[in-house]
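Working notes, structure below.
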Amino acid sequence: MATRMAARAGGGRPLASRVALVGAAGMSVYGASAGVFAGGARRWTSSSALSSPPERNDGWTDGVRDGVVGAIGKTPLVRLHTLSEQTGCEILAKAEWMQPGGSVKDRAARFIIEDAERRGVLKPGGTVVEGTAGNTGIGLAHLCLARGYKCVIFMPDTQSQEKIDTLRMLGADVRPVPAVPYTNPTMYQHQAREFADTLENAVHGNQFDNTVNAEAHYHTTAPEIWKQTAGKIDVFTCASGTAGTIAGTSRRLKELNPEIRTFVADPPGSCIYNYIKTGKLERKGDGSITEGIANGRATHNLQWGEQYIDDALFIPDERTVQMVFHLLHREGIFVGASSALNAVAAVEAARAVGPGKTVVTVLCDAGYRYASRLLSAKWLESKGLLTAVPEAYRSSLLP
């Protein structure tokens, strides 16, 4: 870790002084005030015996929140029982599917809009334009409705129909375009920027290179994790699309305690695994069924926090699909493929650091946005992934 931190230390803020971990690393129980919910068993875990059921305490002191904007953030931290038992580590996940827009991208959407408002580039009645695989667009569309803005979304035509339909239901002007490499001038991110430039009182969200995306996680996701674990965290891992989550969260957690290890998870067809390992933007694998993650370039958000990322994990689609059904049938949590990939990464990170540690990841969104694909035997077979579904669960698939 020290070698990687030194090698990639140029240009970033210096790490804060070391902060000792509170208590024993990898404790399997937490006081209720830490805000860790023992999912599946539907119970709070406590550090001392109780003679009567504890009062509800979700770790937060706020009461009524201010509309949809106030509802963003402060999501539960859920213990994944089967993965914890399998690895001997505490594997915890931020339940980002509980955001008002249904995904972790609500955090970036809020920061992007509020930043544009503060800078005076977005005024009442204006338009927000974004290039997105869907979830950031959904978060922006919710906020645009609440604040009286118009919303225009450019997205690859390879994304799930559920996300396209949701955006249109939210009043967004959705413009699917062919999925092409970033170097192609017709790529959806470029089209979004160029269209925004043609409008008065409009802003291009630019989620990939607007570092308020990473700052959203620096100021919200990481402090929440720190509070919910009472500082007892050894590892953080998640995938990278825009890189806002991995960069912002890793940077803040490393400043709180430089001993925390951070791993970026990457699917086939992406360059981020090799970039972190070797500094070269070389693809590993041919492509992935995951949506909203993977990249062929180092975004500004990644550069903002890359020196705080220790290592990378490569996660094949077969393991991602297997984890979708494991979480659904063993934990009762239906998540999308990127969330399942994060859970696989948490298992791999736990194996890398050894038992007795606390590993935190992110469950980005729910699987309902991908049900026509992830639950379709025909679609999975077309991708060569039907056999990745554990045989015991195949009877639950749609034709």
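As shown in the structure tokens, the chain order sets the letters A, B, ...; within each chain, residues go from 1, and ligands are also counted from 1 in the order they appear.
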
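By chain and then residue number, the residues within 8 Å of range 286-293 of chain A are Thr132, Ala133, Gly134, Asn135, Gln159, Ala239, Ser240, Gly241, Thr242, Asp266, Pro267, Pro268, Gly269, Ser270, Asp317, Ala337 and Ser338 of chain A, counting only C-alpha atoms and disregarding those fewer than 4 positions away in sequence.
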
Take the residues from that selection and write them out as a compact mmCIF listing (two decimals), in the first residue's frame, keeping all heavy atoms.
# COMPACT_ATOMS: atom_id res chain seq x y z
N THR A 132 -25.63 10.09 -19.49
CA THR A 132 -25.69 9.16 -18.37
C THR A 132 -26.15 7.78 -18.83
O THR A 132 -26.90 7.67 -19.82
CB THR A 132 -26.66 9.68 -17.28
OG1 THR A 132 -26.92 8.66 -16.31
CG2 THR A 132 -27.99 10.12 -17.87
N ALA A 133 -25.72 6.76 -18.12
CA ALA A 133 -26.23 5.41 -18.35
C ALA A 133 -27.61 5.24 -17.75
O ALA A 133 -28.23 4.20 -17.93
CB ALA A 133 -25.27 4.38 -17.77
N GLY A 134 -28.09 6.23 -17.02
CA GLY A 134 -29.46 6.18 -16.52
C GLY A 134 -29.65 6.66 -15.11
O GLY A 134 -30.51 7.50 -14.83
N ASN A 135 -28.86 6.16 -14.15
CA ASN A 135 -29.14 6.45 -12.75
C ASN A 135 -28.90 7.91 -12.38
O ASN A 135 -29.69 8.49 -11.63
CB ASN A 135 -28.32 5.53 -11.85
CG ASN A 135 -28.96 4.16 -11.69
OD1 ASN A 135 -30.17 4.01 -11.89
ND2 ASN A 135 -28.18 3.17 -11.33
N GLN A 159 -28.77 0.60 -22.79
CA GLN A 159 -29.21 0.55 -21.39
C GLN A 159 -30.60 -0.07 -21.28
O GLN A 159 -31.35 -0.15 -22.26
CB GLN A 159 -29.19 1.94 -20.78
CG GLN A 159 -27.84 2.64 -20.87
CD GLN A 159 -26.71 1.80 -20.30
OE1 GLN A 159 -26.61 1.59 -19.10
NE2 GLN A 159 -25.84 1.30 -21.18
N ALA A 239 -16.93 -0.28 -7.47
CA ALA A 239 -16.55 -0.14 -8.87
C ALA A 239 -16.41 1.33 -9.25
O ALA A 239 -16.72 2.23 -8.47
CB ALA A 239 -17.59 -0.82 -9.76
N SER A 240 -15.95 1.55 -10.48
CA SER A 240 -15.73 2.90 -10.99
C SER A 240 -16.40 3.06 -12.34
O SER A 240 -16.15 2.30 -13.27
CB SER A 240 -14.23 3.18 -11.12
OG SER A 240 -13.99 4.41 -11.76
N GLY A 241 -17.29 4.07 -12.44
CA GLY A 241 -17.85 4.49 -13.71
C GLY A 241 -17.37 5.90 -13.97
O GLY A 241 -16.38 6.14 -14.65
N THR A 242 -18.04 6.86 -13.35
CA THR A 242 -17.51 8.22 -13.32
C THR A 242 -16.32 8.31 -12.37
O THR A 242 -15.51 9.22 -12.46
CB THR A 242 -18.57 9.21 -12.83
OG1 THR A 242 -18.90 8.93 -11.45
CG2 THR A 242 -19.83 9.16 -13.68
N ASP A 266 -13.45 -3.73 -11.00
CA ASP A 266 -13.60 -3.43 -12.42
C ASP A 266 -14.13 -4.65 -13.17
O ASP A 266 -13.68 -5.77 -12.95
CB ASP A 266 -12.24 -3.02 -12.99
CG ASP A 266 -12.35 -2.00 -14.11
OD1 ASP A 266 -13.29 -1.18 -14.08
OD2 ASP A 266 -11.48 -1.99 -15.00
N PRO A 267 -15.08 -4.44 -14.09
CA PRO A 267 -15.62 -5.55 -14.89
C PRO A 267 -14.81 -5.75 -16.17
O PRO A 267 -13.94 -4.93 -16.51
CB PRO A 267 -17.03 -5.05 -15.22
CG PRO A 267 -16.85 -3.57 -15.38
CD PRO A 267 -15.81 -3.19 -14.34
N PRO A 268 -15.11 -6.80 -16.92
CA PRO A 268 -14.43 -7.01 -18.21
C PRO A 268 -14.69 -5.85 -19.17
O PRO A 268 -15.75 -5.22 -19.15
CB PRO A 268 -15.08 -8.31 -18.73
CG PRO A 268 -15.61 -8.99 -17.51
CD PRO A 268 -16.03 -7.90 -16.59
N GLY A 269 -13.71 -5.57 -20.01
CA GLY A 269 -13.85 -4.54 -21.02
C GLY A 269 -13.45 -3.15 -20.57
O GLY A 269 -13.49 -2.20 -21.35
N SER A 270 -13.07 -3.01 -19.32
CA SER A 270 -12.70 -1.71 -18.76
C SER A 270 -11.18 -1.59 -18.63
O SER A 270 -10.46 -2.59 -18.59
CB SER A 270 -13.35 -1.53 -17.39
OG SER A 270 -12.97 -0.31 -16.79
N ASP A 317 -17.97 -11.37 -15.28
CA ASP A 317 -19.43 -11.32 -15.27
C ASP A 317 -20.07 -12.57 -14.65
O ASP A 317 -21.14 -12.49 -14.04
CB ASP A 317 -19.95 -11.15 -16.70
CG ASP A 317 -19.94 -9.69 -17.15
OD1 ASP A 317 -19.60 -8.81 -16.34
OD2 ASP A 317 -20.28 -9.44 -18.32
N ALA A 337 -26.55 -5.45 -11.45
CA ALA A 337 -25.27 -6.14 -11.66
C ALA A 337 -24.10 -5.38 -11.06
O ALA A 337 -23.17 -5.99 -10.53
CB ALA A 337 -25.06 -6.36 -13.16
N SER A 338 -24.11 -4.04 -11.13
CA SER A 338 -22.97 -3.30 -10.57
C SER A 338 -22.90 -3.46 -9.07
O SER A 338 -21.81 -3.54 -8.49
CB SER A 338 -23.05 -1.82 -10.95
OG SER A 338 -24.25 -1.24 -10.50

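The nearest approach to Val389 in chain A among the residues A:Ala196, A:Ile333, A:Val321, A:Ala247, with only C-alpha atoms taken into account, belongs to A:Val321.
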
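DSSP on the backbone gives alpha helix (DSSP H) for these parts of range 140-169 of chain A: Leu140, Ala141, His142, Leu143, Cys144, Leu145, Ala146, Arg147, Gln161, Glu162, Lys163, Ile164, Asp165, Thr166, Leu167, Arg168 and Met169 of chain A.
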
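In this structure, CA of Lys123 in chain A sits 10.2 Å away from CA of Arg147 in chain A.
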
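Residue neighbourhood of range 214-224 of chain A, excluding near-sequence residues (fewer than 2 positions): Gly73, Lys74, Arg107, Ala108, Phe111, Thr211, Val212, Trp226, Lys227, Gln228, Ala243, Gly244, Thr245, Ile246, Ala247, Gly248, Thr249, Ser250, Arg251, Arg252, Leu253, Asn301 and Trp304 of chain A, at 8 Å, using only C-alpha atoms.
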
Take the residues that were just selected and, keeping N, CA and C atoms, output them as an mmCIF file, in the first residue's frame.
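Result file is part_35.cif:
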data_model
loop_
_atom_site.group_PDB
_atom_site.id
_atom_site.type_symbol
_atom_site.label_atom_id
_atom_site.label_comp_id
_atom_site.auth_asym_id
_atom_site.auth_seq_id
_atom_site.Cartn_x
_atom_site.Cartn_y
_atom_site.Cartn_z
ATOM 1 N N GLY A 73 -29.198 10.741 0.867
ATOM 2 C CA GLY A 73 -28.125 10.430 1.802
ATOM 3 C C GLY A 73 -28.608 9.766 3.066
ATOM 4 N N LYS A 74 -27.669 9.528 3.977
ATOM 5 C CA LYS A 74 -27.939 8.881 5.266
ATOM 6 C C LYS A 74 -28.671 7.551 5.091
ATOM 7 N N ARG A 107 -26.755 11.284 -4.935
ATOM 8 C CA ARG A 107 -25.798 12.148 -4.220
ATOM 9 C C ARG A 107 -25.108 13.097 -5.197
ATOM 10 N N ALA A 108 -24.597 12.561 -6.294
ATOM 11 C CA ALA A 108 -23.935 13.399 -7.292
ATOM 12 C C ALA A 108 -24.923 14.368 -7.922
ATOM 13 N N PHE A 111 -25.435 17.406 -5.695
ATOM 14 C CA PHE A 111 -24.275 18.299 -5.648
ATOM 15 C C PHE A 111 -24.083 19.038 -6.968
ATOM 16 N N THR A 211 -15.845 17.470 -10.766
ATOM 17 C CA THR A 211 -15.401 16.828 -9.520
ATOM 18 C C THR A 211 -16.311 17.118 -8.323
ATOM 19 N N VAL A 212 -17.367 17.894 -8.496
ATOM 20 C CA VAL A 212 -18.338 17.968 -7.397
ATOM 21 C C VAL A 212 -19.007 16.607 -7.209
ATOM 22 N N TRP A 226 -18.050 6.303 8.171
ATOM 23 C CA TRP A 226 -17.216 6.473 9.365
ATOM 24 C C TRP A 226 -18.071 6.508 10.626
ATOM 25 N N LYS A 227 -19.175 7.232 10.563
ATOM 26 C CA LYS A 227 -20.058 7.332 11.722
ATOM 27 C C LYS A 227 -20.756 6.008 11.993
ATOM 28 N N GLN A 228 -21.244 5.374 10.945
ATOM 29 C CA GLN A 228 -22.017 4.143 11.125
ATOM 30 C C GLN A 228 -21.165 2.990 11.633
ATOM 31 N N ALA A 243 -16.257 7.374 -11.415
ATOM 32 C CA ALA A 243 -15.251 7.292 -10.346
ATOM 33 C C ALA A 243 -15.552 8.211 -9.180
ATOM 34 N N GLY A 244 -16.719 8.850 -9.174
ATOM 35 C CA GLY A 244 -17.060 9.736 -8.066
ATOM 36 C C GLY A 244 -17.108 9.029 -6.728
ATOM 37 N N THR A 245 -17.753 7.851 -6.684
ATOM 38 C CA THR A 245 -17.908 7.144 -5.410
ATOM 39 C C THR A 245 -16.576 6.638 -4.877
ATOM 40 N N ILE A 246 -15.814 5.929 -5.718
ATOM 41 C CA ILE A 246 -14.554 5.348 -5.245
ATOM 42 C C ILE A 246 -13.549 6.441 -4.909
ATOM 43 N N ALA A 247 -13.481 7.500 -5.701
ATOM 44 C CA ALA A 247 -12.486 8.547 -5.464
ATOM 45 C C ALA A 247 -12.825 9.382 -4.239
ATOM 46 N N GLY A 248 -14.070 9.855 -4.171
ATOM 47 C CA GLY A 248 -14.453 10.722 -3.059
ATOM 48 C C GLY A 248 -14.471 10.009 -1.726
ATOM 49 N N THR A 249 -15.021 8.794 -1.723
ATOM 50 C CA THR A 249 -15.106 8.041 -0.468
ATOM 51 C C THR A 249 -13.726 7.613 -0.001
ATOM 52 N N SER A 250 -12.909 7.111 -0.915
ATOM 53 C CA SER A 250 -11.555 6.669 -0.546
ATOM 54 C C SER A 250 -10.733 7.828 -0.001
ATOM 55 N N ARG A 251 -10.805 8.960 -0.663
ATOM 56 C CA ARG A 251 -9.993 10.100 -0.235
ATOM 57 C C ARG A 251 -10.340 10.524 1.188
ATOM 58 N N ARG A 252 -11.639 10.639 1.487
ATOM 59 C CA ARG A 252 -12.031 11.083 2.831
ATOM 60 C C ARG A 252 -11.699 10.028 3.881
ATOM 61 N N LEU A 253 -11.953 8.759 3.572
ATOM 62 C CA LEU A 253 -11.657 7.708 4.543
ATOM 63 C C LEU A 253 -10.165 7.622 4.822
ATOM 64 N N ASN A 301 -12.742 12.885 -12.110
ATOM 65 C CA ASN A 301 -13.094 12.412 -10.770
ATOM 66 C C ASN A 301 -12.120 11.350 -10.286
ATOM 67 N N TRP A 304 -8.923 12.981 -9.297
ATOM 68 C CA TRP A 304 -9.092 13.735 -8.055
ATOM 69 C C TRP A 304 -8.785 12.866 -6.827
#

message: So that I can see what lies close to Thr75 in chain A, please list as JSON, numbers by chain the residues with an atom at most 10 Å from it, counting only C-alpha atoms and leaving out residues fewer than 4 positions away in the same chain.
response: {"A": [35, 58, 60, 71, 93, 94, 95, 96, 97, 98, 99, 104, 221, 224, 225, 228]}

Output the selection as a PDB file, in the first residue's frame - N, CA and C atoms for each residue.
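Printed below is again18.pdb as written:
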ATOM      1  N   GLY A  35     -25.469   2.672  13.826  1.00  0.00           N
ATOM      2  CA  GLY A  35     -26.309   2.691  12.637  1.00  0.00           C
ATOM      3  C   GLY A  35     -26.098   1.515  11.710  1.00  0.00           C
ATOM      4  N   ASP A  58     -31.344   4.736  14.440  1.00  0.00           N
ATOM      5  CA  ASP A  58     -30.713   4.507  13.147  1.00  0.00           C
ATOM      6  C   ASP A  58     -29.424   5.288  12.983  1.00  0.00           C
ATOM      7  N   TRP A  60     -28.909   8.477  13.267  1.00  0.00           N
ATOM      8  CA  TRP A  60     -29.052   9.861  12.830  1.00  0.00           C
ATOM      9  C   TRP A  60     -29.910  10.624  13.829  1.00  0.00           C
ATOM     10  N   ALA A  71     -34.022  14.224   1.543  1.00  0.00           N
ATOM     11  CA  ALA A  71     -34.092  12.763   1.702  1.00  0.00           C
ATOM     12  C   ALA A  71     -32.871  12.054   1.145  1.00  0.00           C
ATOM     13  N   ALA A  93     -22.703  -3.089   3.691  1.00  0.00           N
ATOM     14  CA  ALA A  93     -22.980  -2.418   2.419  1.00  0.00           C
ATOM     15  C   ALA A  93     -23.924  -1.243   2.622  1.00  0.00           C
ATOM     16  N   LYS A  94     -23.584  -0.127   2.006  1.00  0.00           N
ATOM     17  CA  LYS A  94     -24.486   1.015   2.000  1.00  0.00           C
ATOM     18  C   LYS A  94     -25.681   0.700   1.105  1.00  0.00           C
ATOM     19  N   ALA A  95     -26.876   0.832   1.662  1.00  0.00           N
ATOM     20  CA  ALA A  95     -28.115   0.477   0.952  1.00  0.00           C
ATOM     21  C   ALA A  95     -28.584   1.654   0.099  1.00  0.00           C
ATOM     22  N   GLU A  96     -27.859   1.917  -0.979  1.00  0.00           N
ATOM     23  CA  GLU A  96     -28.141   3.092  -1.801  1.00  0.00           C
ATOM     24  C   GLU A  96     -29.416   2.951  -2.623  1.00  0.00           C
ATOM     25  N   TRP A  97     -29.960   1.751  -2.733  1.00  0.00           N
ATOM     26  CA  TRP A  97     -31.242   1.610  -3.420  1.00  0.00           C
ATOM     27  C   TRP A  97     -32.367   2.308  -2.646  1.00  0.00           C
ATOM     28  N   MET A  98     -32.109   2.698  -1.408  1.00  0.00           N
ATOM     29  CA  MET A  98     -33.104   3.382  -0.585  1.00  0.00           C
ATOM     30  C   MET A  98     -33.108   4.899  -0.787  1.00  0.00           C
ATOM     31  N   GLN A  99     -32.271   5.394  -1.687  1.00  0.00           N
ATOM     32  CA  GLN A  99     -32.309   6.815  -2.016  1.00  0.00           C
ATOM     33  C   GLN A  99     -33.650   7.151  -2.682  1.00  0.00           C
ATOM     34  N   VAL A 104     -27.337   5.348  -5.797  1.00  0.00           N
ATOM     35  CA  VAL A 104     -26.245   6.140  -5.229  1.00  0.00           C
ATOM     36  C   VAL A 104     -26.037   7.438  -5.997  1.00  0.00           C
ATOM     37  N   THR A 221     -20.961  10.335   1.709  1.00  0.00           N
ATOM     38  CA  THR A 221     -20.845   8.874   1.819  1.00  0.00           C
ATOM     39  C   THR A 221     -19.781   8.456   2.827  1.00  0.00           C
ATOM     40  N   GLU A 224     -20.630   9.275   6.495  1.00  0.00           N
ATOM     41  CA  GLU A 224     -21.689   8.377   6.965  1.00  0.00           C
ATOM     42  C   GLU A 224     -21.115   7.015   7.340  1.00  0.00           C
ATOM     43  N   ILE A 225     -20.267   6.470   6.471  1.00  0.00           N
ATOM     44  CA  ILE A 225     -19.645   5.170   6.753  1.00  0.00           C
ATOM     45  C   ILE A 225     -18.818   5.249   8.031  1.00  0.00           C
ATOM     46  N   GLN A 228     -21.244   5.374  10.945  1.00  0.00           N
ATOM     47  CA  GLN A 228     -22.017   4.143  11.125  1.00  0.00           C
ATOM     48  C   GLN A 228     -21.165   2.990  11.633  1.00  0.00           C
TER      49      GLN A 228
END

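Interatomic distance, CA of Gly139 in chain A against CA of Met187 in chain A: 21.5 Å.
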
query: What separation in Å, quoted to one decimal, exists between CA of Gln191 in chain A and CA of Tyr275 in chain A?
result: 26.4 Å
